[in-house]
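Student: So here's structure.tsv (TSV, N, CA and C atoms).
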chain	number	residue	atom	x	y	z
A	1	MET	N	-14.26	-26.05	-25.81
A	1	MET	CA	-13.12	-26.16	-24.93
A	1	MET	C	-12.10	-25.04	-25.21
A	2	LYS	N	-11.90	-24.71	-26.51
A	2	LYS	CA	-10.97	-23.65	-26.86
A	2	LYS	C	-11.42	-22.32	-26.26
A	3	LYS	N	-12.74	-22.07	-26.28
A	3	LYS	CA	-13.26	-20.81	-25.72
A	3	LYS	C	-12.96	-20.73	-24.23
A	4	PHE	N	-13.09	-21.84	-23.52
A	4	PHE	CA	-12.82	-21.87	-22.09
A	4	PHE	C	-11.35	-21.56	-21.82
A	5	ILE	N	-10.45	-22.16	-22.58
A	5	ILE	CA	-9.01	-21.95	-22.40
A	5	ILE	C	-8.65	-20.50	-22.71
A	6	VAL	N	-9.22	-19.95	-23.78
A	6	VAL	CA	-8.96	-18.55	-24.12
A	6	VAL	C	-9.48	-17.63	-23.02
A	7	ALA	N	-10.69	-17.89	-22.51
A	7	ALA	CA	-11.26	-17.08	-21.43
A	7	ALA	C	-10.40	-17.17	-20.17
A	8	LEU	N	-9.93	-18.38	-19.85
A	8	LEU	CA	-9.07	-18.56	-18.68
A	8	LEU	C	-7.76	-17.80	-18.86
A	9	PHE	N	-7.17	-17.90	-20.04
A	9	PHE	CA	-5.92	-17.21	-20.33
A	9	PHE	C	-6.09	-15.70	-20.22
A	10	LEU	N	-7.17	-15.17	-20.80
A	10	LEU	CA	-7.42	-13.72	-20.74
A	10	LEU	C	-7.67	-13.27	-19.30
A	11	GLY	N	-8.36	-14.09	-18.53
A	11	GLY	CA	-8.60	-13.77	-17.12
A	11	GLY	C	-7.30	-13.72	-16.33
A	12	LEU	N	-6.40	-14.66	-16.58
A	12	LEU	CA	-5.10	-14.67	-15.91
A	12	LEU	C	-4.27	-13.47	-16.33
A	13	MET	N	-4.34	-13.09	-17.59
A	13	MET	CA	-3.62	-11.91	-18.06
A	13	MET	C	-4.13	-10.66	-17.36
A	14	ALA	N	-5.44	-10.51	-17.23
A	14	ALA	CA	-6.03	-9.35	-16.56
A	14	ALA	C	-5.62	-9.33	-15.09
A	15	PHE	N	-5.61	-10.50	-14.44
A	15	PHE	CA	-5.20	-10.59	-13.04
A	15	PHE	C	-3.76	-10.14	-12.88
A	16	THR	N	-2.87	-10.62	-13.73
A	16	THR	CA	-1.46	-10.26	-13.68
A	16	THR	C	-1.26	-8.78	-13.97
A	17	ALA	N	-1.98	-8.26	-14.95
A	17	ALA	CA	-1.84	-6.84	-15.30
A	17	ALA	C	-2.26	-5.96	-14.14
A	18	GLU	N	-3.33	-6.36	-13.44
A	18	GLU	CA	-3.79	-5.55	-12.32
A	18	GLU	C	-2.73	-5.48	-11.22
A	19	ALA	N	-2.15	-6.60	-10.87
A	19	ALA	CA	-1.10	-6.61	-9.84
A	19	ALA	C	0.09	-5.78	-10.30
A	20	GLN	N	0.45	-5.91	-11.57
A	20	GLN	CA	1.56	-5.15	-12.12
A	20	GLN	C	1.26	-3.66	-12.11
A	21	ASP	N	0.01	-3.28	-12.41
A	21	ASP	CA	-0.38	-1.87	-12.39
A	21	ASP	C	-0.23	-1.29	-11.00
A	22	VAL	N	-0.68	-2.00	-9.97
A	22	VAL	CA	-0.57	-1.52	-8.60
A	22	VAL	C	0.90	-1.35	-8.24
A	23	LYS	N	1.73	-2.33	-8.56
A	23	LYS	CA	3.15	-2.23	-8.26
A	23	LYS	C	3.79	-1.05	-8.99
A	24	SER	N	3.40	-0.83	-10.23
A	24	SER	CA	3.93	0.31	-10.99
A	24	SER	C	3.53	1.63	-10.36
A	25	ILE	N	2.28	1.71	-9.92
A	25	ILE	CA	1.80	2.94	-9.27
A	25	ILE	C	2.55	3.16	-7.96
A	26	LEU	N	2.70	2.11	-7.16
A	26	LEU	CA	3.38	2.25	-5.87
A	26	LEU	C	4.82	2.72	-6.03
A	27	THR	N	5.51	2.24	-7.06
A	27	THR	CA	6.93	2.56	-7.24
A	27	THR	C	7.16	3.81	-8.07
A	28	SER	N	6.11	4.56	-8.36
A	28	SER	CA	6.24	5.72	-9.26
A	28	SER	C	6.63	7.01	-8.56
A	29	GLY	N	6.94	6.98	-7.27
A	29	GLY	CA	7.37	8.20	-6.58
A	29	GLY	C	7.12	8.11	-5.09
A	30	LYS	N	7.42	9.21	-4.38
A	30	LYS	CA	7.19	9.27	-2.93
A	30	LYS	C	5.72	9.47	-2.64
A	31	TRP	N	5.26	8.80	-1.58
A	31	TRP	CA	3.88	8.92	-1.10
A	31	TRP	C	3.90	9.65	0.24
A	32	PHE	N	3.34	10.85	0.25
A	32	PHE	CA	3.33	11.69	1.45
A	32	PHE	C	2.02	11.50	2.22
A	33	ILE	N	2.11	11.41	3.53
A	33	ILE	CA	0.91	11.22	4.36
A	33	ILE	C	0.09	12.50	4.33
A	34	GLU	N	-1.17	12.37	3.90
A	34	GLU	CA	-2.09	13.50	3.92
A	34	GLU	C	-2.92	13.50	5.20
A	35	SER	N	-3.40	12.30	5.60
A	35	SER	CA	-4.21	12.21	6.81
A	35	SER	C	-4.16	10.81	7.39
A	36	ILE	N	-4.48	10.75	8.69
A	36	ILE	CA	-4.59	9.49	9.42
A	36	ILE	C	-5.92	9.52	10.16
A	37	GLN	N	-6.64	8.40	10.11
A	37	GLN	CA	-7.95	8.35	10.74
A	37	GLN	C	-8.10	7.05	11.53
A	38	GLU	N	-8.43	7.17	12.81
A	38	GLU	CA	-8.78	6.00	13.61
A	38	GLU	C	-10.26	5.74	13.42
A	39	LYS	N	-10.65	4.49	13.63
A	39	LYS	CA	-12.06	4.13	13.44
A	39	LYS	C	-12.97	5.05	14.24
A	40	GLY	N	-14.00	5.57	13.57
A	40	GLY	CA	-15.01	6.38	14.23
A	40	GLY	C	-14.61	7.81	14.51
A	41	GLU	N	-13.41	8.20	14.13
A	41	GLU	CA	-12.95	9.57	14.38
A	41	GLU	C	-12.75	10.31	13.06
A	42	GLU	N	-12.74	11.63	13.14
A	42	GLU	CA	-12.48	12.46	11.98
A	42	GLU	C	-11.00	12.31	11.57
A	43	PRO	N	-10.72	12.41	10.28
A	43	PRO	CA	-9.31	12.31	9.85
A	43	PRO	C	-8.47	13.44	10.44
A	44	GLU	N	-7.28	13.10	10.87
A	44	GLU	CA	-6.33	14.09	11.37
A	44	GLU	C	-5.37	14.40	10.23
A	45	MET	N	-5.38	15.64	9.79
A	45	MET	CA	-4.53	16.04	8.67
A	45	MET	C	-3.08	16.16	9.13
A	46	SER	N	-2.17	15.75	8.28
A	46	SER	CA	-0.75	15.84	8.57
A	46	SER	C	-0.34	17.31	8.60
A	47	ILE	N	0.41	17.69	9.62
A	47	ILE	CA	0.83	19.09	9.76
A	47	ILE	C	1.94	19.42	8.77
A	48	ASN	N	2.93	18.57	8.69
A	48	ASN	CA	4.05	18.81	7.78
A	48	ASN	C	4.16	17.63	6.83
A	49	LYS	N	3.47	17.72	5.73
A	49	LYS	CA	3.37	16.60	4.79
A	49	LYS	C	4.70	16.18	4.18
A	50	THR	N	5.68	17.07	4.14
A	50	THR	CA	6.94	16.71	3.49
A	50	THR	C	7.84	15.86	4.38
A	51	ASP	N	7.52	15.72	5.67
A	51	ASP	CA	8.37	14.96	6.58
A	51	ASP	C	7.88	13.53	6.83
A	52	GLU	N	6.72	13.17	6.31
A	52	GLU	CA	6.17	11.83	6.52
A	52	GLU	C	5.85	11.22	5.17
A	53	TRP	N	6.63	10.20	4.78
A	53	TRP	CA	6.44	9.61	3.46
A	53	TRP	C	6.94	8.18	3.38
A	54	LEU	N	6.51	7.52	2.31
A	54	LEU	CA	6.98	6.19	1.92
A	54	LEU	C	7.50	6.28	0.49
A	55	ALA	N	8.55	5.54	0.19
A	55	ALA	CA	9.06	5.46	-1.18
A	55	ALA	C	9.34	3.98	-1.50
A	56	PHE	N	8.48	3.39	-2.32
A	56	PHE	CA	8.61	1.99	-2.73
A	56	PHE	C	9.57	1.91	-3.91
A	57	SER	N	10.45	0.92	-3.91
A	57	SER	CA	11.33	0.71	-5.06
A	57	SER	C	11.00	-0.63	-5.70
A	58	GLU	N	11.34	-0.75	-6.97
A	58	GLU	CA	11.03	-1.96	-7.73
A	58	GLU	C	11.80	-3.18	-7.24
A	59	ASP	N	12.89	-2.96	-6.52
A	59	ASP	CA	13.69	-4.10	-6.03
A	59	ASP	C	13.17	-4.68	-4.72
A	60	GLY	N	11.96	-4.26	-4.30
A	60	GLY	CA	11.36	-4.84	-3.11
A	60	GLY	C	11.73	-4.15	-1.81
A	61	LYS	N	12.34	-2.99	-1.89
A	61	LYS	CA	12.69	-2.20	-0.71
A	61	LYS	C	11.74	-1.00	-0.62
A	62	VAL	N	11.50	-0.56	0.60
A	62	VAL	CA	10.70	0.64	0.81
A	62	VAL	C	11.37	1.45	1.91
A	63	GLU	N	11.46	2.76	1.69
A	63	GLU	CA	12.00	3.66	2.70
A	63	GLU	C	10.84	4.42	3.32
A	64	GLU	N	10.83	4.48	4.64
A	64	GLU	CA	9.77	5.18	5.37
A	64	GLU	C	10.43	6.30	6.17
A	65	ASN	N	9.86	7.49	6.12
A	65	ASN	CA	10.42	8.62	6.85
A	65	ASN	C	9.34	9.26	7.72
A	66	HIS	N	9.66	9.42	9.00
A	66	HIS	CA	8.78	10.14	9.94
A	66	HIS	C	9.62	11.21	10.62
A	67	PHE	N	9.47	12.46	10.18
A	67	PHE	CA	10.14	13.60	10.78
A	67	PHE	C	11.64	13.40	10.89
A	68	GLY	N	12.26	12.94	9.82
A	68	GLY	CA	13.70	12.76	9.76
A	68	GLY	C	14.19	11.40	10.21
A	69	ASP	N	13.33	10.58	10.80
A	69	ASP	CA	13.69	9.23	11.21
A	69	ASP	C	13.37	8.28	10.06
A	70	SER	N	14.40	7.86	9.36
A	70	SER	CA	14.22	7.04	8.16
A	70	SER	C	14.48	5.57	8.48
A	71	LYS	N	13.62	4.69	7.96
A	71	LYS	CA	13.76	3.25	8.14
A	71	LYS	C	13.60	2.56	6.79
A	72	MET	N	14.30	1.43	6.62
A	72	MET	CA	14.19	0.63	5.41
A	72	MET	C	13.48	-0.68	5.74
A	73	PHE	N	12.59	-1.08	4.84
A	73	PHE	CA	11.86	-2.33	4.96
A	73	PHE	C	11.91	-3.04	3.62
A	74	SER	N	11.54	-4.29	3.62
A	74	SER	CA	11.25	-5.02	2.39
A	74	SER	C	9.74	-4.98	2.21
A	75	TRP	N	9.28	-5.03	0.95
A	75	TRP	CA	7.85	-5.01	0.72
A	75	TRP	C	7.45	-5.98	-0.38
A	76	THR	N	6.23	-6.50	-0.23
A	76	THR	CA	5.61	-7.32	-1.27
A	76	THR	C	4.16	-6.90	-1.38
A	77	TYR	N	3.56	-7.20	-2.53
A	77	TYR	CA	2.15	-6.90	-2.74
A	77	TYR	C	1.42	-8.19	-3.08
A	78	ASP	N	0.35	-8.49	-2.34
A	78	ASP	CA	-0.49	-9.65	-2.58
A	78	ASP	C	-1.76	-9.17	-3.25
A	79	ASN	N	-1.88	-9.45	-4.54
A	79	ASN	CA	-3.02	-8.96	-5.32
A	79	ASN	C	-4.34	-9.61	-4.87
A	80	ASP	N	-4.30	-10.89	-4.46
A	80	ASP	CA	-5.52	-11.56	-4.01
A	80	ASP	C	-6.11	-10.89	-2.78
A	81	LYS	N	-5.26	-10.55	-1.84
A	81	LYS	CA	-5.71	-9.94	-0.59
A	81	LYS	C	-5.69	-8.42	-0.64
A	82	LYS	N	-5.16	-7.85	-1.74
A	82	LYS	CA	-5.00	-6.39	-1.88
A	82	LYS	C	-4.23	-5.86	-0.67
A	83	MET	N	-3.09	-6.51	-0.39
A	83	MET	CA	-2.35	-6.24	0.83
A	83	MET	C	-0.88	-5.98	0.52
A	84	ILE	N	-0.35	-4.90	1.11
A	84	ILE	CA	1.08	-4.61	1.06
A	84	ILE	C	1.67	-5.09	2.39
A	85	LYS	N	2.71	-5.90	2.30
A	85	LYS	CA	3.37	-6.41	3.50
A	85	LYS	C	4.74	-5.74	3.62
A	86	LEU	N	4.97	-5.05	4.73
A	86	LEU	CA	6.26	-4.44	5.02
A	86	LEU	C	6.95	-5.30	6.06
A	87	SER	N	8.17	-5.73	5.75
A	87	SER	CA	8.93	-6.60	6.65
A	87	SER	C	10.25	-5.94	7.01
A	88	GLY	N	10.55	-5.94	8.28
A	88	GLY	CA	11.81	-5.40	8.79
A	88	GLY	C	11.96	-5.87	10.21
A	89	SER	N	12.20	-4.93	11.13
A	89	SER	CA	12.27	-5.31	12.54
A	89	SER	C	10.91	-5.79	13.04
A	90	GLU	N	9.86	-5.40	12.34
A	90	GLU	CA	8.51	-5.88	12.60
A	90	GLU	C	7.80	-6.04	11.26
A	91	THR	N	6.68	-6.74	11.25
A	91	THR	CA	5.91	-6.92	10.02
A	91	THR	C	4.62	-6.13	10.15
A	92	ILE	N	4.36	-5.31	9.14
A	92	ILE	CA	3.16	-4.47	9.13
A	92	ILE	C	2.45	-4.70	7.80
A	93	PHE	N	1.13	-4.76	7.86
A	93	PHE	CA	0.33	-4.95	6.66
A	93	PHE	C	-0.47	-3.70	6.37
A	94	HIS	N	-0.56	-3.35	5.09
A	94	HIS	CA	-1.40	-2.25	4.62
A	94	HIS	C	-2.42	-2.83	3.64
A	95	ARG	N	-3.68	-2.86	4.02
A	95	ARG	CA	-4.72	-3.30	3.08
A	95	ARG	C	-5.06	-2.11	2.18
A	96	VAL	N	-4.92	-2.30	0.87
A	96	VAL	CA	-5.15	-1.22	-0.08
A	96	VAL	C	-6.66	-1.03	-0.26
A	97	ILE	N	-7.13	0.15	0.09
A	97	ILE	CA	-8.54	0.51	-0.04
A	97	ILE	C	-8.77	1.19	-1.39
A	98	GLU	N	-7.85	2.09	-1.75
A	98	GLU	CA	-7.95	2.82	-3.02
A	98	GLU	C	-6.54	3.13	-3.50
A	99	VAL	N	-6.32	2.99	-4.80
A	99	VAL	CA	-5.02	3.35	-5.36
A	99	VAL	C	-5.24	3.97	-6.73
A	100	SER	N	-4.57	5.10	-6.95
A	100	SER	CA	-4.57	5.77	-8.25
A	100	SER	C	-3.18	6.38	-8.44
A	101	ASP	N	-2.97	7.07	-9.54
A	101	ASP	CA	-1.65	7.63	-9.81
A	101	ASP	C	-1.20	8.64	-8.76
A	102	ASP	N	-2.14	9.32	-8.10
A	102	ASP	CA	-1.76	10.36	-7.14
A	102	ASP	C	-2.36	10.20	-5.74
A	103	LYS	N	-3.05	9.09	-5.48
A	103	LYS	CA	-3.67	8.89	-4.17
A	103	LYS	C	-3.62	7.41	-3.79
A	104	LEU	N	-3.28	7.16	-2.53
A	104	LEU	CA	-3.22	5.81	-1.99
A	104	LEU	C	-3.87	5.82	-0.62
A	105	ILE	N	-4.92	5.04	-0.44
A	105	ILE	CA	-5.57	4.92	0.86
A	105	ILE	C	-5.39	3.48	1.32
A	106	VAL	N	-4.81	3.34	2.51
A	106	VAL	CA	-4.56	2.01	3.07
A	106	VAL	C	-5.12	1.93	4.48
A	107	GLU	N	-5.40	0.71	4.86
A	107	GLU	CA	-5.77	0.41	6.23
A	107	GLU	C	-4.56	-0.26	6.86
A	108	LEU	N	-3.97	0.37	7.86
A	108	LEU	CA	-2.79	-0.15	8.53
A	108	LEU	C	-3.22	-1.23	9.52
A	109	ILE	N	-2.64	-2.41	9.37
A	109	ILE	CA	-2.98	-3.54	10.23
A	109	ILE	C	-1.69	-4.07	10.84
A	110	GLU	N	-1.51	-3.83	12.11
A	110	GLU	CA	-0.30	-4.30	12.78
A	110	GLU	C	-0.44	-5.74	13.25
A	111	ASP	N	-1.67	-6.16	13.50
A	111	ASP	CA	-1.92	-7.51	13.99
A	111	ASP	C	-3.12	-8.07	13.24
A	112	LEU	N	-2.89	-9.04	12.37
A	112	LEU	CA	-3.97	-9.61	11.57
A	112	LEU	C	-5.03	-10.29	12.43
A	113	GLU	N	-4.65	-10.75	13.61
A	113	GLU	CA	-5.59	-11.42	14.51
A	113	GLU	C	-6.52	-10.42	15.20
A	114	ASN	N	-6.02	-9.20	15.46
A	114	ASN	CA	-6.78	-8.19	16.18
A	114	ASN	C	-7.00	-6.99	15.26
A	115	ALA	N	-8.11	-6.98	14.56
A	115	ALA	CA	-8.38	-5.95	13.56
A	115	ALA	C	-8.98	-4.68	14.16
A	116	ASP	N	-9.09	-4.59	15.48
A	116	ASP	CA	-9.71	-3.42	16.11
A	116	ASP	C	-8.81	-2.20	16.15
A	117	ASP	N	-7.51	-2.36	16.02
A	117	ASP	CA	-6.57	-1.24	16.16
A	117	ASP	C	-6.27	-0.55	14.82
A	118	ASN	N	-7.04	-0.80	13.81
A	118	ASN	CA	-6.71	-0.35	12.47
A	118	ASN	C	-6.78	1.16	12.31
A	119	LEU	N	-5.89	1.67	11.48
A	119	LEU	CA	-5.84	3.08	11.11
A	119	LEU	C	-6.01	3.18	9.60
A	120	MET	N	-6.69	4.22	9.16
A	120	MET	CA	-6.79	4.51	7.73
A	120	MET	C	-5.79	5.63	7.45
A	121	ILE	N	-4.92	5.41	6.48
A	121	ILE	CA	-3.92	6.41	6.13
A	121	ILE	C	-4.10	6.77	4.66
A	122	THR	N	-4.17	8.07	4.41
A	122	THR	CA	-4.27	8.56	3.04
A	122	THR	C	-2.93	9.17	2.66
A	123	PHE	N	-2.35	8.67	1.57
A	123	PHE	CA	-1.10	9.19	1.02
A	123	PHE	C	-1.42	9.90	-0.30
A	124	ILE	N	-0.65	10.94	-0.59
A	124	ILE	CA	-0.75	11.63	-1.88
A	124	ILE	C	0.66	11.84	-2.41
A	125	LYS	N	0.74	12.15	-3.69
A	125	LYS	CA	2.06	12.46	-4.28
A	125	LYS	C	2.22	13.96	-4.34
Represent the structure contained in this file as structure tokens.

Tutor:
Amino acid sequence: MKKFIVALFLGLMAFTAEAQDVKSILTSGKWFIESIQEKGEEPEMSINKTDEWLAFSEDGKVEENHFGDSKMFSWTYDNDKKMIKLSGSETIFHRVIEVSDDKLIVELIEDLENADDNLMITFIK
């Protein structure tokens, strides 16, 4: 029984550490859009990478900039679903496909019921 409890405890610690690692990576700087890809199409590279970015903060706020148009949202990360939820005037979900210290690939989902409109967005630092 002790082995089971220790294994359960270690599993919960690993689960928590993973979520914490993703949050730490997300809040470690600005994420610039490198490319956007619609299903079945070639990725479209961003022309001016410095004008399109996201900046996550540890206090649950995220700033989004598109060519000088800046917006603020609240954000949360769901480790079970590997999903970033942005809430503001609208709610947008980003399913995390890949995350590392310098690269973030997400699937943008505007409507969880209709998954056909999804975009793949690659961010870099």

Student: Please compute the atom N of Glu41 (chain A)-atom C of Val96 (chain A) distance, one decimal, in Å.

Tutor: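 Interatomic distance, atom N of Glu41 (chain A) to atom C of Val96 (chain A): 18.4 Å.
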
Student: Padding 8 Å on each side, edges along x, y and z: where is the centre of the box around the listed atoms of region 21-27 of chain A, and how long are its edges in Å to one decimal? Output it as JSON.

Tutor:
{"center_x": 3.2, "center_y": 0.3, "center_z": -9.1, "size_x": 23.8, "size_y": 23.1, "size_z": 22.5}

Student: Using only N, CA and C atoms, can you tell me which of A:Asp78, A:Glu42, A:Glu34, A:Glu58 comes closest to Ile121 (chain A)?

Tutor: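 With only N, CA and C atoms as the atom set, the closest residue is A:Glu34.
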
Student: Could you check the closest approach to Lys30 (chain A) for each of A:Ser57, A:Ser70, A:Ser46, A:Ser89 and tell me which residue wins, using only C-alpha atoms?

Tutor: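 For Lys30 (chain A), the nearest of the given residues is A:Ser57.
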
Student: Please identify all polymer residues lying at most 7 Å from the point (-3.0, 14.3, -2.9) (file coordinates), using only C-alpha atoms, and present the result as a PyMOL selection string.

Tutor: chain A and resi 34+102-103+123-125

Student: In Å, how far is it from CA of Gly88 (chain A) to atom C of Pro43 (chain A)?

Tutor: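 Computing it gives 27.7 Å between the two atoms.
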
Student: Got a sec: who's within 8 Å of Ile25 (chain A), counting all atoms listed in the file, leaving out chain neighbours fewer than 3 positions off, as a PDB file with N, CA and C atoms, keeping the file's coordinate frame?

Tutor:
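File written: around13.pdb
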ATOM      1  N   ALA A  19      -2.150  -6.600 -10.870  1.00  0.00           N
ATOM      2  CA  ALA A  19      -1.100  -6.610  -9.840  1.00  0.00           C
ATOM      3  C   ALA A  19       0.090  -5.780 -10.300  1.00  0.00           C
ATOM      4  N   GLN A  20       0.450  -5.910 -11.570  1.00  0.00           N
ATOM      5  CA  GLN A  20       1.560  -5.150 -12.120  1.00  0.00           C
ATOM      6  C   GLN A  20       1.260  -3.660 -12.110  1.00  0.00           C
ATOM      7  N   ASP A  21       0.010  -3.280 -12.410  1.00  0.00           N
ATOM      8  CA  ASP A  21      -0.380  -1.870 -12.390  1.00  0.00           C
ATOM      9  C   ASP A  21      -0.230  -1.290 -11.000  1.00  0.00           C
ATOM     10  N   VAL A  22      -0.680  -2.000  -9.970  1.00  0.00           N
ATOM     11  CA  VAL A  22      -0.570  -1.520  -8.600  1.00  0.00           C
ATOM     12  C   VAL A  22       0.900  -1.350  -8.240  1.00  0.00           C
ATOM     13  N   SER A  28       6.110   4.560  -8.360  1.00  0.00           N
ATOM     14  CA  SER A  28       6.240   5.720  -9.260  1.00  0.00           C
ATOM     15  C   SER A  28       6.630   7.010  -8.560  1.00  0.00           C
ATOM     16  N   GLY A  29       6.940   6.980  -7.270  1.00  0.00           N
ATOM     17  CA  GLY A  29       7.370   8.200  -6.580  1.00  0.00           C
ATOM     18  C   GLY A  29       7.120   8.110  -5.090  1.00  0.00           C
ATOM     19  N   VAL A  99      -6.320   2.990  -4.800  1.00  0.00           N
ATOM     20  CA  VAL A  99      -5.020   3.350  -5.360  1.00  0.00           C
ATOM     21  C   VAL A  99      -5.240   3.970  -6.730  1.00  0.00           C
ATOM     22  N   SER A 100      -4.570   5.100  -6.950  1.00  0.00           N
ATOM     23  CA  SER A 100      -4.570   5.770  -8.250  1.00  0.00           C
ATOM     24  C   SER A 100      -3.180   6.380  -8.440  1.00  0.00           C
ATOM     25  N   ASP A 101      -2.970   7.070  -9.540  1.00  0.00           N
ATOM     26  CA  ASP A 101      -1.650   7.630  -9.810  1.00  0.00           C
ATOM     27  C   ASP A 101      -1.200   8.640  -8.760  1.00  0.00           C
ATOM     28  N   ASP A 102      -2.140   9.320  -8.100  1.00  0.00           N
ATOM     29  CA  ASP A 102      -1.760  10.360  -7.140  1.00  0.00           C
ATOM     30  C   ASP A 102      -2.360  10.200  -5.740  1.00  0.00           C
TER      31      ASP A 102
END

Student: Between A:Phe73, A:Ser87, A:Phe56, A:Gly40, which is the closest to Leu26 (chain A) once you count all atoms listed in the file?

Tutor: A:Phe56

Student: Go through A:Leu119, A:Met83, A:Asn65, A:Tyr77 and flag the residue nearest Thr50 (chain A), using all atoms listed in the file for the distances.

Tutor: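 Result for the nearest residue to Thr50 (chain A): A:Asn65.
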
Student: So, counting all atoms listed in the file, which residue among A:His94, A:Lys39, A:Lys85, A:Trp53 is closest to Val106 (chain A)?

Tutor: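 Answer, going by the shortest atom-to-atom distance: A:His94.
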
Student: Using all atoms listed in the file, list the residues that have an atom at most 5 Å from (-4.8, 9.4, 8.2), coordinates as in the file, as a ChimeraX atom specification.

Tutor: /A:35-37,120-122

Student: Report, in Å to a single decimal, how far apart CA of Ile109 (chain A) and CA of Phe93 (chain A) are.

Tutor: 5.1 Å
